[in-house]
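Trainee: Please find one structure pasted underneath; my questions will follow.
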Amino acid sequence: MERIRVDDIISFKKVNFKGKILCFPTDTVYGLGALYDDKEAIKKIYLVKNRSYDKPLANLCSNLDQIGTLGINIPPLALDLMNQYWPGPLTIILQGNNEKLSFRMPDCPPALKIINHLGLMATTSVNESGEQELNDYQEIKDRFGQAIDYFIVDCWRFSGISSTVVDISKNKIEIIRQGSIKL
């Protein structure tokens with residue numbers, strides 16, 4: 001696991017991150033992330049966390065255009081929530097072309113810089129599936145260091161509370177997980 005700063009990460013080309021897992025701060029907890037379309041690295045995340053493949057990863061974005069490039073229509077209800085709570089700890093599930101996809105825009109400058117440079121990031125918290133999230137460098141290194149390629153050392157104060165997750169795919173709000181935002 002290489003410790004690295006965000007400014008160093010953004011000096012690399014996107015192709016350098018193919019097959020790689022990054023650990024970086026968000027506004028809620030540390031996240032494990034991979035390029036959105038990198039099936040190899042995403043599979044590694046599932047394996048290292050012992051996560052069931054029927055639990056999709058959230059996709060972090062830094063702007064709405066990144067969602068638009070996937071051809072996903074953002075309904076007015078979702079757009080209202082995005083305008084009110086983004087950037088912030090709200091994950092919104094939308095209907096994609098063939099599947100539901102979840103998106104979140106973190107309120108964390110280091111994370112946003114990474115996402116601006118690399119594009120959408122498929123992410124999840126740093127923990128064994130079903131266990132408490134890890135937010136301490138040494139604990140993360142001890143448990144997941146062999147699987148993480150880059151650990152972003154830029155500090156950010158995060159809440160430690162998971163994001164609220166809502167499903168808007170049927171054009172109504174269905175709360176999947178109540179987090180720090182109360183809806």
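FYI, nothing fancy with the structure tokens labels: chains A, B, ... in order, residues from 1 per chain, ligands from 1 as they appear.
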Which residues of region 35-55 of chain A come within 12 Å of region 60-76 of chain A, and what is each one's closest atom pair and distance in Å (one decimal), counting only C-alpha atoms, sorted by chain and residue number, as a Markdown table?
Mentor:
| residue | atom | partner | partner_atom | distance |
| --- | --- | --- | --- | --- |
| A:Leu35 | CA | A:Leu60 | CA | 10.0 |
| A:Tyr36 | CA | A:Leu60 | CA | 8.8 |
| A:Asp37 | CA | A:Leu70 | CA | 10.9 |
Trainee: If you run DSSP on the backbone, which residues of chain A are helix (DSSP H, G or I), as an MDAnalysis selection string?
Mentor: chainID A and resid 6:9 14:17 39:49 64:68 76:85 109:118 137:144
Trainee: For Asp136 (chain A), which residue out of A:Gly31, A:Ala122, A:Ser11, A:Lys55 is the nearest one, using only C-alpha atoms?
Mentor: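 Answer, going by the shortest atom-to-atom distance: A:Gly31.
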Trainee: Measuring between only C-alpha atoms, which one of A:Lys100, A:Pro87, A:Val15, A:Ser159 shows the shortest distance to Asp54 (chain A)?
Mentor: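 Among the listed residues, the smallest separation from Asp54 (chain A) belongs to A:Lys100.
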Trainee: Restricting the calculation to only C-alpha atoms, which member of A:Leu94, A:Cys23, A:Ile148, A:Val126 is positioned closest to Lys44 (chain A)?
Mentor: A:Ile148
Trainee: List every residue of region 10-104 of chain A that DSSP, applied to the backbone of this structure, assigns to strand (DSSP E or B), and report them as a list in words.
Mentor: Leu22, Cys23, Phe24, Pro25, Tyr30, Gly31, Leu32, Gly33, Ala34, Leu35, Ala58, Asn59, Leu60, Leu90, Thr91, Ile92, Ile93, Leu94, Gln95, Lys100, Leu101, Ser102, Phe103 and Arg104 of chain A
Trainee: Looking at only C-alpha atoms, which of A:Tyr53, A:Tyr46, A:Trp156, A:Tyr150 is the one that sits closest to Ile9 (chain A)?
Mentor: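 Using only C-alpha atoms, the shortest distance to Ile9 (chain A) belongs to A:Tyr150.
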Trainee: With a distance cut-off of 12 Å and only C-alpha atoms, select the neighbouring residues of Glu174 (chain A), excluding the residue or stretch itself and same-chain residues fewer than 2 positions from it, and output the selection as a PyMOL selection string.
Mentor: chain A and resi 77-78+91-94+164-172+176-178+183
Trainee: So what do you get for CA of Ala111 (chain A) versus CA of Thr123 (chain A), distance-wise?
Mentor: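 Going from CA of Ala111 (chain A) over to CA of Thr123 (chain A) covers 11.2 Å.
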